[in-house]
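**Q** Below is protein08.pdb; it holds PDB, C-alpha atoms, pLDDT in the B column.
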MODEL        1
ATOM      1  CA  MET A   1     -35.834 -11.931  66.545  1.00 71.00           C
ATOM      2  CA  ILE A   2     -32.659 -13.704  65.469  1.00 84.00           C
ATOM      3  CA  ILE A   3     -30.749 -10.576  64.413  1.00 93.00           C
ATOM      4  CA  ASN A   4     -30.284  -7.472  66.532  1.00 94.00           C
ATOM      5  CA  GLU A   5     -30.101  -4.582  64.089  1.00 96.00           C
ATOM      6  CA  LYS A   6     -28.621  -2.174  66.610  1.00 97.00           C
ATOM      7  CA  ASP A   7     -25.813  -4.598  67.418  1.00 97.00           C
ATOM      8  CA  VAL A   8     -25.123  -5.210  63.721  1.00 98.00           C
ATOM      9  CA  ILE A   9     -24.980  -1.481  62.985  1.00 98.00           C
ATOM     10  CA  LYS A  10     -22.673  -0.920  65.954  1.00 97.00           C
ATOM     11  CA  GLU A  11     -20.349  -3.728  64.869  1.00 97.00           C
ATOM     12  CA  PHE A  12     -20.330  -2.512  61.263  1.00 98.00           C
ATOM     13  CA  ALA A  13     -19.437   0.989  62.475  1.00 96.00           C
ATOM     14  CA  ASN A  14     -16.644  -0.447  64.616  1.00 96.00           C
ATOM     15  CA  TYR A  15     -15.303  -2.377  61.650  1.00 96.00           C
ATOM     16  CA  THR A  16     -15.392   0.488  59.153  1.00 96.00           C
ATOM     17  CA  GLN A  17     -13.795   3.000  61.541  1.00 94.00           C
ATOM     18  CA  ASN A  18     -10.547   1.104  60.954  1.00 93.00           C
ATOM     19  CA  TYR A  19     -10.523   2.595  57.456  1.00 94.00           C
ATOM     20  CA  ASN A  20      -9.999   6.168  56.347  1.00 88.00           C
ATOM     21  CA  PRO A  21     -13.380   7.940  56.606  1.00 81.00           C
ATOM     22  CA  GLN A  22     -11.993  10.819  54.515  1.00 83.00           C
ATOM     23  CA  ASP A  23     -11.478   8.475  51.586  1.00 88.00           C
ATOM     24  CA  PRO A  24     -14.492   9.063  49.284  1.00 88.00           C
ATOM     25  CA  LYS A  25     -14.441   5.389  48.298  1.00 89.00           C
ATOM     26  CA  ILE A  26     -14.840   4.320  51.924  1.00 93.00           C
ATOM     27  CA  ALA A  27     -17.606   6.853  52.528  1.00 93.00           C
ATOM     28  CA  LEU A  28     -19.384   5.729  49.362  1.00 93.00           C
ATOM     29  CA  LYS A  29     -19.387   2.092  50.426  1.00 95.00           C
ATOM     30  CA  ILE A  30     -20.624   2.828  53.927  1.00 96.00           C
ATOM     31  CA  VAL A  31     -23.635   4.704  52.546  1.00 96.00           C
ATOM     32  CA  HIS A  32     -24.144   2.034  49.886  1.00 97.00           C
ATOM     33  CA  THR A  33     -24.230  -0.680  52.549  1.00 98.00           C
ATOM     34  CA  TYR A  34     -27.056   0.945  54.485  1.00 98.00           C
ATOM     35  CA  LYS A  35     -29.014   1.690  51.315  1.00 98.00           C
ATOM     36  CA  VAL A  36     -28.734  -1.886  50.051  1.00 98.00           C
ATOM     37  CA  ALA A  37     -29.802  -3.267  53.429  1.00 98.00           C
ATOM     38  CA  SER A  38     -32.839  -0.972  53.334  1.00 98.00           C
ATOM     39  CA  ASN A  39     -33.649  -1.965  49.752  1.00 98.00           C
ATOM     40  CA  SER A  40     -33.405  -5.636  50.725  1.00 98.00           C
ATOM     41  CA  LYS A  41     -35.922  -5.175  53.506  1.00 98.00           C
ATOM     42  CA  ILE A  42     -38.381  -3.403  51.177  1.00 98.00           C
ATOM     43  CA  ILE A  43     -38.080  -6.145  48.554  1.00 98.00           C
ATOM     44  CA  VAL A  44     -38.711  -8.909  51.095  1.00 98.00           C
ATOM     45  CA  GLU A  45     -41.716  -7.058  52.467  1.00 98.00           C
ATOM     46  CA  SER A  46     -43.102  -6.755  48.923  1.00 98.00           C
ATOM     47  CA  LEU A  47     -42.809 -10.542  48.615  1.00 98.00           C
ATOM     48  CA  GLY A  48     -44.846 -11.057  51.779  1.00 98.00           C
ATOM     49  CA  LEU A  49     -42.156 -13.127  53.472  1.00 98.00           C
ATOM     50  CA  SER A  50     -41.718 -13.678  57.204  1.00 97.00           C
ATOM     51  CA  GLU A  51     -40.176 -11.312  59.740  1.00 96.00           C
ATOM     52  CA  GLU A  52     -37.254 -13.710  60.042  1.00 96.00           C
ATOM     53  CA  ASP A  53     -36.664 -13.557  56.291  1.00 97.00           C
ATOM     54  CA  ILE A  54     -36.764  -9.754  56.456  1.00 98.00           C
ATOM     55  CA  GLU A  55     -34.053  -9.852  59.118  1.00 97.00           C
ATOM     56  CA  ILE A  56     -31.905 -12.268  57.126  1.00 98.00           C
ATOM     57  CA  ALA A  57     -32.149 -10.230  53.928  1.00 98.00           C
ATOM     58  CA  TRP A  58     -31.309  -7.036  55.813  1.00 98.00           C
ATOM     59  CA  LEU A  59     -28.220  -8.659  57.366  1.00 98.00           C
ATOM     60  CA  ILE A  60     -27.053  -9.920  53.973  1.00 98.00           C
ATOM     61  CA  GLY A  61     -27.409  -6.353  52.709  1.00 98.00           C
ATOM     62  CA  MET A  62     -25.288  -5.073  55.591  1.00 98.00           C
ATOM     63  CA  LEU A  63     -22.553  -7.619  54.889  1.00 98.00           C
ATOM     64  CA  HIS A  64     -22.624  -8.027  51.109  1.00 98.00           C
ATOM     65  CA  ASP A  65     -19.789  -5.531  50.438  1.00 98.00           C
ATOM     66  CA  ILE A  66     -17.699  -6.104  53.565  1.00 97.00           C
ATOM     67  CA  GLY A  67     -14.811  -7.079  51.293  1.00 96.00           C
ATOM     68  CA  ARG A  68     -14.770  -3.654  49.672  1.00 96.00           C
ATOM     69  CA  PHE A  69     -13.050  -1.976  52.603  1.00 96.00           C
ATOM     70  CA  GLU A  70      -9.987  -4.208  52.587  1.00 94.00           C
ATOM     71  CA  GLN A  71     -10.015  -4.117  48.788  1.00 95.00           C
ATOM     72  CA  ILE A  72      -9.784  -0.324  48.884  1.00 93.00           C
ATOM     73  CA  ARG A  73      -7.145  -0.309  51.611  1.00 92.00           C
ATOM     74  CA  VAL A  74      -4.904  -2.802  49.838  1.00 92.00           C
ATOM     75  CA  TYR A  75      -5.538  -2.080  46.154  1.00 91.00           C
ATOM     76  CA  GLN A  76      -7.089   1.433  46.100  1.00 87.00           C
ATOM     77  CA  THR A  77      -9.646   0.364  43.506  1.00 87.00           C
ATOM     78  CA  PHE A  78     -13.162  -1.026  43.140  1.00 87.00           C
ATOM     79  CA  ASN A  79     -12.092  -2.800  39.958  1.00 84.00           C
ATOM     80  CA  ASP A  80     -12.237  -6.514  40.761  1.00 87.00           C
ATOM     81  CA  SER A  81     -10.333  -7.441  37.604  1.00 84.00           C
ATOM     82  CA  LYS A  82      -7.380  -5.353  38.810  1.00 87.00           C
ATOM     83  CA  SER A  83      -7.519  -6.541  42.428  1.00 91.00           C
ATOM     84  CA  VAL A  84      -9.746  -9.255  43.915  1.00 93.00           C
ATOM     85  CA  ASP A  85     -13.315 -10.444  43.495  1.00 93.00           C
ATOM     86  CA  HIS A  86     -14.809  -8.384  46.316  1.00 97.00           C
ATOM     87  CA  ALA A  87     -17.712 -10.774  46.918  1.00 97.00           C
ATOM     88  CA  GLU A  88     -15.460 -13.808  47.283  1.00 97.00           C
ATOM     89  CA  PHE A  89     -12.991 -11.773  49.344  1.00 96.00           C
ATOM     90  CA  GLY A  90     -15.720 -10.552  51.680  1.00 97.00           C
ATOM     91  CA  ALA A  91     -17.237 -13.999  52.096  1.00 97.00           C
ATOM     92  CA  ASP A  92     -13.808 -15.365  52.982  1.00 97.00           C
ATOM     93  CA  LEU A  93     -13.373 -12.667  55.638  1.00 96.00           C
ATOM     94  CA  LEU A  94     -16.776 -13.502  57.087  1.00 97.00           C
ATOM     95  CA  PHE A  95     -16.702 -17.281  56.966  1.00 97.00           C
ATOM     96  CA  LYS A  96     -13.079 -18.376  56.622  1.00 94.00           C
ATOM     97  CA  GLU A  97     -10.088 -16.190  57.473  1.00 78.00           C
ATOM     98  CA  SER A  98     -11.316 -14.005  60.326  1.00 88.00           C
ATOM     99  CA  HIS A  99     -14.785 -15.555  60.710  1.00 95.00           C
ATOM    100  CA  LEU A 100     -16.223 -12.070  61.146  1.00 96.00           C
ATOM    101  CA  ILE A 101     -19.753 -13.455  60.905  1.00 97.00           C
ATOM    102  CA  ASP A 102     -19.532 -14.380  64.612  1.00 96.00           C
ATOM    103  CA  LYS A 103     -19.698 -10.677  65.463  1.00 96.00           C
ATOM    104  CA  TYR A 104     -22.932 -10.106  63.560  1.00 97.00           C
ATOM    105  CA  ILE A 105     -25.158 -13.074  64.390  1.00 96.00           C
ATOM    106  CA  GLY A 106     -25.005 -15.603  67.215  1.00 93.00           C
ATOM    107  CA  THR A 107     -26.437 -18.653  65.471  1.00 93.00           C
ATOM    108  CA  ARG A 108     -24.441 -20.614  62.926  1.00 93.00           C
ATOM    109  CA  ASP A 109     -27.589 -22.117  61.363  1.00 96.00           C
ATOM    110  CA  LEU A 110     -27.746 -19.412  58.663  1.00 97.00           C
ATOM    111  CA  ASP A 111     -24.066 -19.310  57.721  1.00 97.00           C
ATOM    112  CA  GLU A 112     -24.384 -21.274  54.492  1.00 98.00           C
ATOM    113  CA  LEU A 113     -27.384 -19.289  53.268  1.00 98.00           C
ATOM    114  CA  ILE A 114     -25.751 -15.934  54.018  1.00 98.00           C
ATOM    115  CA  GLU A 115     -22.410 -16.976  52.542  1.00 98.00           C
ATOM    116  CA  ILE A 116     -23.961 -18.172  49.293  1.00 98.00           C
ATOM    117  CA  ALA A 117     -25.942 -14.952  48.865  1.00 98.00           C
ATOM    118  CA  ILE A 118     -22.848 -12.813  49.421  1.00 98.00           C
ATOM    119  CA  ARG A 119     -20.695 -14.852  47.035  1.00 98.00           C
ATOM    120  CA  GLN A 120     -23.410 -14.676  44.373  1.00 98.00           C
ATOM    121  CA  HIS A 121     -24.285 -10.988  44.629  1.00 98.00           C
ATOM    122  CA  ASN A 122     -21.827  -9.704  41.998  1.00 96.00           C
ATOM    123  CA  LYS A 123     -21.837 -12.602  39.553  1.00 96.00           C
ATOM    124  CA  PHE A 124     -22.989 -12.096  35.974  1.00 94.00           C
ATOM    125  CA  LYS A 125     -25.481 -14.923  36.550  1.00 95.00           C
ATOM    126  CA  ILE A 126     -26.186 -16.827  39.740  1.00 96.00           C
ATOM    127  CA  SER A 127     -24.881 -20.371  39.892  1.00 95.00           C
ATOM    128  CA  SER A 128     -27.059 -23.294  38.897  1.00 94.00           C
ATOM    129  CA  GLY A 129     -27.788 -25.930  41.483  1.00 94.00           C
ATOM    130  CA  LEU A 130     -28.804 -23.579  44.289  1.00 98.00           C
ATOM    131  CA  SER A 131     -31.826 -24.495  46.368  1.00 98.00           C
ATOM    132  CA  GLU A 132     -35.028 -22.476  46.033  1.00 98.00           C
ATOM    133  CA  ARG A 133     -34.296 -20.643  49.278  1.00 98.00           C
ATOM    134  CA  GLU A 134     -30.667 -19.961  48.336  1.00 98.00           C
ATOM    135  CA  THR A 135     -31.809 -18.617  44.979  1.00 98.00           C
ATOM    136  CA  LEU A 136     -34.397 -16.422  46.705  1.00 98.00           C
ATOM    137  CA  PHE A 137     -31.886 -14.650  48.929  1.00 98.00           C
ATOM    138  CA  ALA A 138     -29.283 -14.423  46.173  1.00 98.00           C
ATOM    139  CA  ASN A 139     -31.839 -12.695  43.948  1.00 98.00           C
ATOM    140  CA  ILE A 140     -32.973 -10.359  46.733  1.00 98.00           C
ATOM    141  CA  ILE A 141     -29.466  -9.046  47.427  1.00 98.00           C
ATOM    142  CA  ARG A 142     -28.686  -8.812  43.722  1.00 98.00           C
ATOM    143  CA  ASP A 143     -31.806  -6.729  43.098  1.00 98.00           C
ATOM    144  CA  ALA A 144     -31.177  -4.528  46.144  1.00 98.00           C
ATOM    145  CA  ASP A 145     -27.573  -3.924  45.077  1.00 98.00           C
ATOM    146  CA  LYS A 146     -28.481  -3.065  41.481  1.00 98.00           C
ATOM    147  CA  ILE A 147     -31.119  -0.579  42.603  1.00 98.00           C
ATOM    148  CA  ASP A 148     -28.629   1.344  44.711  1.00 98.00           C
ATOM    149  CA  ILE A 149     -26.060   1.347  41.917  1.00 97.00           C
ATOM    150  CA  PHE A 150     -28.472   3.636  40.064  1.00 98.00           C
ATOM    151  CA  ARG A 151     -28.402   6.017  43.041  1.00 98.00           C
ATOM    152  CA  VAL A 152     -24.612   5.956  43.237  1.00 96.00           C
ATOM    153  CA  GLN A 153     -24.325   6.931  39.571  1.00 95.00           C
ATOM    154  CA  VAL A 154     -26.544   9.963  40.193  1.00 96.00           C
ATOM    155  CA  GLU A 155     -25.308  11.157  43.583  1.00 95.00           C
ATOM    156  CA  GLU A 156     -21.572  10.453  43.441  1.00 91.00           C
ATOM    157  CA  PRO A 157     -19.135  12.615  41.419  1.00 89.00           C
ATOM    158  CA  ILE A 158     -18.753  11.111  37.970  1.00 89.00           C
ATOM    159  CA  GLU A 159     -15.042  11.829  37.772  1.00 86.00           C
ATOM    160  CA  GLY A 160     -14.516   9.991  41.039  1.00 80.00           C
ATOM    161  CA  ILE A 161     -16.196   6.888  39.646  1.00 85.00           C
ATOM    162  CA  TYR A 162     -14.885   6.861  36.073  1.00 86.00           C
ATOM    163  CA  GLY A 163     -11.746   8.945  36.303  1.00 83.00           C
ATOM    164  CA  VAL A 164     -12.918  11.302  33.540  1.00 92.00           C
ATOM    165  CA  PRO A 165     -15.276  14.319  33.489  1.00 94.00           C
ATOM    166  CA  PHE A 166     -18.871  13.812  32.371  1.00 95.00           C
ATOM    167  CA  GLU A 167     -18.214  15.875  29.229  1.00 96.00           C
ATOM    168  CA  HIS A 168     -15.684  13.258  28.145  1.00 96.00           C
ATOM    169  CA  ILE A 169     -18.281  10.508  28.520  1.00 97.00           C
ATOM    170  CA  GLN A 170     -20.778  12.511  26.455  1.00 97.00           C
ATOM    171  CA  ASN A 171     -18.294  12.704  23.582  1.00 97.00           C
ATOM    172  CA  GLN A 172     -17.576   8.978  23.476  1.00 97.00           C
ATOM    173  CA  PRO A 173     -19.098   6.427  21.077  1.00 97.00           C
ATOM    174  CA  LEU A 174     -21.197   3.486  22.213  1.00 98.00           C
ATOM    175  CA  SER A 175     -19.650   0.211  21.120  1.00 97.00           C
ATOM    176  CA  GLU A 176     -21.782  -1.927  18.825  1.00 97.00           C
ATOM    177  CA  GLU A 177     -21.198  -5.004  20.951  1.00 97.00           C
ATOM    178  CA  VAL A 178     -22.497  -3.205  24.023  1.00 98.00           C
ATOM    179  CA  PHE A 179     -25.502  -1.852  22.128  1.00 98.00           C
ATOM    180  CA  SER A 180     -26.292  -5.349  20.846  1.00 98.00           C
ATOM    181  CA  GLN A 181     -26.480  -6.628  24.398  1.00 97.00           C
ATOM    182  CA  PHE A 182     -29.007  -3.924  25.246  1.00 97.00           C
ATOM    183  CA  LYS A 183     -31.148  -5.261  22.415  1.00 97.00           C
ATOM    184  CA  GLU A 184     -30.940  -8.692  24.057  1.00 97.00           C
ATOM    185  CA  HIS A 185     -32.177  -7.258  27.377  1.00 97.00           C
ATOM    186  CA  HIS A 186     -29.467  -8.443  29.735  1.00 96.00           C
ATOM    187  CA  ALA A 187     -26.502  -7.126  31.709  1.00 96.00           C
ATOM    188  CA  ILE A 188     -23.405  -6.060  29.806  1.00 97.00           C
ATOM    189  CA  LEU A 189     -20.360  -8.314  29.846  1.00 95.00           C
ATOM    190  CA  SER A 190     -17.409  -6.454  31.350  1.00 90.00           C
ATOM    191  CA  SER A 191     -15.047  -7.748  28.674  1.00 92.00           C
ATOM    192  CA  THR A 192     -17.060  -6.021  25.932  1.00 96.00           C
ATOM    193  CA  LYS A 193     -16.965  -2.516  27.452  1.00 95.00           C
ATOM    194  CA  LYS A 194     -14.398  -0.365  25.653  1.00 95.00           C
ATOM    195  CA  THR A 195     -15.308   3.344  25.871  1.00 96.00           C
ATOM    196  CA  SER A 196     -16.174   5.520  28.861  1.00 95.00           C
ATOM    197  CA  LEU A 197     -19.727   5.719  27.536  1.00 97.00           C
ATOM    198  CA  ASP A 198     -19.879   1.910  27.457  1.00 97.00           C
ATOM    199  CA  PHE A 199     -19.007   1.780  31.146  1.00 94.00           C
ATOM    200  CA  TYR A 200     -21.479   4.528  32.003  1.00 96.00           C
ATOM    201  CA  VAL A 201     -24.533   3.184  30.183  1.00 97.00           C
ATOM    202  CA  ALA A 202     -23.767  -0.454  31.083  1.00 96.00           C
ATOM    203  CA  HIS A 203     -25.263   0.284  34.484  1.00 96.00           C
ATOM    204  CA  PHE A 204     -28.594   1.067  32.823  1.00 97.00           C
ATOM    205  CA  ALA A 205     -28.841  -2.550  31.660  1.00 97.00           C
ATOM    206  CA  LEU A 206     -29.007  -3.755  35.257  1.00 97.00           C
ATOM    207  CA  ALA A 207     -32.700  -2.867  35.054  1.00 98.00           C
ATOM    208  CA  PHE A 208     -33.259  -5.837  32.739  1.00 97.00           C
ATOM    209  CA  GLU A 209     -31.927  -8.164  35.435  1.00 97.00           C
ATOM    210  CA  LEU A 210     -34.291  -7.131  38.248  1.00 98.00           C
ATOM    211  CA  VAL A 211     -36.125 -10.272  39.302  1.00 98.00           C
ATOM    212  CA  TYR A 212     -39.012  -9.030  41.428  1.00 98.00           C
ATOM    213  CA  SER A 213     -41.867  -6.700  40.608  1.00 97.00           C
ATOM    214  CA  GLY A 214     -41.262  -5.012  43.973  1.00 98.00           C
ATOM    215  CA  SER A 215     -37.702  -4.285  42.845  1.00 98.00           C
ATOM    216  CA  ARG A 216     -38.929  -2.662  39.659  1.00 98.00           C
ATOM    217  CA  GLU A 217     -41.475  -0.640  41.626  1.00 97.00           C
ATOM    218  CA  LEU A 218     -38.788   0.511  44.065  1.00 98.00           C
ATOM    219  CA  THR A 219     -36.611   1.550  41.119  1.00 98.00           C
ATOM    220  CA  ARG A 220     -39.473   3.608  39.709  1.00 97.00           C
ATOM    221  CA  GLN A 221     -40.207   5.183  43.093  1.00 97.00           C
ATOM    222  CA  GLN A 222     -36.612   6.203  43.774  1.00 98.00           C
ATOM    223  CA  GLY A 223     -36.301   7.763  40.312  1.00 97.00           C
ATOM    224  CA  TYR A 224     -32.507   7.496  39.977  1.00 98.00           C
ATOM    225  CA  LEU A 225     -32.587   5.372  36.844  1.00 98.00           C
ATOM    226  CA  ASN A 226     -34.952   7.836  35.174  1.00 96.00           C
ATOM    227  CA  LYS A 227     -32.409  10.588  35.865  1.00 97.00           C
ATOM    228  CA  LEU A 228     -29.657   8.483  34.310  1.00 97.00           C
ATOM    229  CA  LEU A 229     -31.802   7.890  31.251  1.00 96.00           C
ATOM    230  CA  GLU A 230     -31.946  11.638  30.621  1.00 97.00           C
ATOM    231  CA  LEU A 231     -28.410  11.281  29.250  1.00 97.00           C
ATOM    232  CA  GLU A 232     -27.618  13.482  26.254  1.00 97.00           C
ATOM    233  CA  VAL A 233     -24.525  12.925  24.108  1.00 98.00           C
ATOM    234  CA  THR A 234     -22.968  14.994  21.366  1.00 97.00           C
ATOM    235  CA  ASP A 235     -23.174  12.542  18.453  1.00 97.00           C
ATOM    236  CA  LYS A 236     -26.649  12.261  16.894  1.00 97.00           C
ATOM    237  CA  GLU A 237     -26.337   8.591  15.937  1.00 97.00           C
ATOM    238  CA  THR A 238     -25.163   7.731  19.434  1.00 98.00           C
ATOM    239  CA  GLN A 239     -28.069   9.730  20.903  1.00 98.00           C
ATOM    240  CA  ASN A 240     -30.464   7.648  18.815  1.00 98.00           C
ATOM    241  CA  LYS A 241     -29.020   4.540  20.455  1.00 98.00           C
ATOM    242  CA  ILE A 242     -29.434   6.090  23.894  1.00 98.00           C
ATOM    243  CA  ASP A 243     -33.051   6.960  23.111  1.00 98.00           C
ATOM    244  CA  TYR A 244     -33.661   3.369  22.006  1.00 98.00           C
ATOM    245  CA  ILE A 245     -32.100   2.074  25.234  1.00 97.00           C
ATOM    246  CA  LYS A 246     -34.264   4.430  27.283  1.00 97.00           C
ATOM    247  CA  ALA A 247     -37.453   3.176  25.636  1.00 97.00           C
ATOM    248  CA  GLU A 248     -36.496  -0.475  26.114  1.00 97.00           C
ATOM    249  CA  ILE A 249     -35.679   0.002  29.796  1.00 97.00           C
ATOM    250  CA  GLU A 250     -38.822   1.999  30.474  1.00 95.00           C
ATOM    251  CA  ASN A 251     -40.802  -0.806  28.878  1.00 95.00           C
ATOM    252  CA  ALA A 252     -38.998  -3.410  30.993  1.00 93.00           C
ATOM    253  CA  LEU A 253     -39.857  -1.433  34.134  1.00 93.00           C
ATOM    254  CA  GLY A 254     -43.474  -1.105  33.118  1.00 87.00           C
ATOM    255  CA  GLN A 255     -43.347   2.669  32.802  1.00 69.00           C
TER     256      GLN A 255
ENDMDL
END
Take the structure I supplied and represent it as structure tokens, if you would.
**A**
Amino acid sequence: MIINEKDVIKEFANYTQNYNPQDPKIALKIVHTYKVASNSKIIVESLGLSEEDIEIAWLIGMLHDIGRFEQIRVYQTFNDSKSVDHAEFGADLLFKESHLIDKYIGTRDLDELIEIAIRQHNKFKISSGLSERETLFANIIRDADKIDIFRVQVEEPIEGIYGVPFEHIQNQPLSEEVFSQFKEHHAILSSTKKTSLDFYVAHFALAFELVYSGSRELTRQQGYLNKLLELEVTDKETQNKIDYIKAEIENALGQ
């Protein structure tokens, strides 16, 4: 065993207690961290990889959003475009500024692999030129993160995430540019999202990006995306688009 899970959990708890636990954003990210770490472990197990790889993927899950806590404290937002790129910020905290990674794992042999995965986890597409193993762990954390985003959208208060009540979202149009990207079966470019409905349904498209069959199976088992796809809006033409999106995603997931 190269990673002691109990020690990592203890250190993560020590780190996050420096932030306001009453802040819903902080609480959300603590829960999200544990869920993503768990998802990562399940995905690796589905791939039949080694115990060491399971440990590495779990640790990456525990550390992937470490930059969120300082981002919230300093900027009071999850919006990277209005603050900092949280993945880059977190990787800098771990491997440059404070070298927090020393508190989570004793060996330095895995630093580059872990750092690359964390820096890549929120990118629209992973960088070219990565090794096969770097690509593997980048894809694992990206899948694990996307899967839990579906849960967050279901379990967390909508107004807290989007700043508007759900009824407002239901009355919004879906931009043609966003709908076109659904037809192309890929994630939605942030720059093209205009309405509250655009931002809400854009998360659905993350399903197209899931790399591993085990990730798609885990998504089906958890059922959060299916709940999101039950969305009903007020405009009939917009509802037709939502129904189309639902069918395309269900097909992509093999449902």
**Q** Check the smallest atom-to-atom distance from each of A:Phe208, A:Tyr224, A:Phe179, A:Tyr200 to Asp143 in chain A using all atoms listed in the file, then report the winner.
**A** A:Phe208
**Q** How would you write, as a ChimeraX atom specification, the residues chosen by the PyMOL selection byres ((chain A and resi 78-80) around 12) on this structure?
**A** /A:24-26,28-29,65,67-77,81-89,122-123,160-162,190
**Q** How would you write, as a list in words, the residues chosen by the PyMOL selection byres ((chain A and resi 245-249) around 8) on this structure?
**A**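 Selection result, ordered by chain and number: Phe182, Lys183, Phe204, Ala205, Ala207, Phe208, Leu229, Lys241, Ile242, Asp243, Tyr244, Glu250, Asn251, Ala252 and Leu253 of chain A.
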**Q** Which one is closest to Ser215 in chain A: A:Lys6, A:His32, A:Lys41, A:His99? Count only C-alpha atoms.
**A**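 Between A:Lys6, A:His32, A:Lys41, A:His99, the residue approaching Ser215 in chain A most closely is A:Lys41.
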**Q** Could you state which residues are captured by the PyMOL selection byres ((chain A and resi 127-139) around 6) in this file, as a VMD selection string?
**A** chain A and resid 113 117 126 140 to 142
**Q** One decimal, in Å: what's the spacing between CA of Val211 in chain A and CA of Leu110 in chain A?
**A**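 The value is 23.0 Å.
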**Q** Quick one, how far is CA of Asn240 in chain A from CA of Gln221 in chain A?
**A** 26.3 Å
**Q** Choose the residue, out of A:Tyr34, A:Phe150, A:Tyr19, A:Phe166, that has the smallest atom-to-atom separation from Glu5 in chain A; count only C-alpha atoms.
**A**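 Looking only at the distances to Glu5 in chain A, the closest residue turns out to be A:Tyr34.
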**Q** Which residues, written as a ChimeraX atom specification, have at least one atom at most 8 Å from Ile3 in chain A, with only C-alpha atoms counted and residues fewer than 5 positions away on the same chain left out?
**A** /A:8,55-56,59,104-105
**Q** May I have the residues from that selection written out with C-alpha atoms, as a PDB file, in the frame of the given file?
**A**
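Written output follows (part.pdb):
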ATOM      1  CA  VAL A   8     -25.123  -5.210  63.721  1.00 98.00           C
ATOM      2  CA  GLU A  55     -34.053  -9.852  59.118  1.00 97.00           C
ATOM      3  CA  ILE A  56     -31.905 -12.268  57.126  1.00 98.00           C
ATOM      4  CA  LEU A  59     -28.220  -8.659  57.366  1.00 98.00           C
ATOM      5  CA  TYR A 104     -22.932 -10.106  63.560  1.00 97.00           C
ATOM      6  CA  ILE A 105     -25.158 -13.074  64.390  1.00 96.00           C
TER       7      ILE A 105
END
**Q** Record the distance separating CA of Asn171 in chain A and CA of Asp235 in chain A, expressed in Å with one decimal.
**A**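 Separation between CA of Asn171 in chain A and CA of Asp235 in chain A: 7.1 Å.
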**Q** Of the candidates A:Ile147, A:Met62, A:Leu189, A:Leu197, which one gets nearest to Pro165 in chain A if we count all atoms listed in the file?
**A**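 Closest candidate: A:Leu197.
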**Q** Restricting the calculation to only C-alpha atoms, which member of A:Pro173, A:Asp198, A:Tyr15, A:Thr219 is positioned closest to Ile101 in chain A?
**A**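 Among the listed residues, the smallest separation from Ile101 in chain A belongs to A:Tyr15.
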**Q** Which one is closest to Ile30 in chain A: A:Leu49, A:Ile158, A:Ile54, A:Leu63? Count all atoms listed in the file.
**A**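 Checking each candidate against Ile30 in chain A, we get A:Leu63 as the closest.
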**Q** Put the listed atoms of range 165-170 of chain A in a box along x, y and z with 6 Å added on every side and give me the centre and edge lengths in Å to one decimal, as JSON.
**A**
{"center_x": -18.0, "center_y": 13.2, "center_z": 30.0, "size_x": 17.5, "size_y": 17.4, "size_z": 19.0}
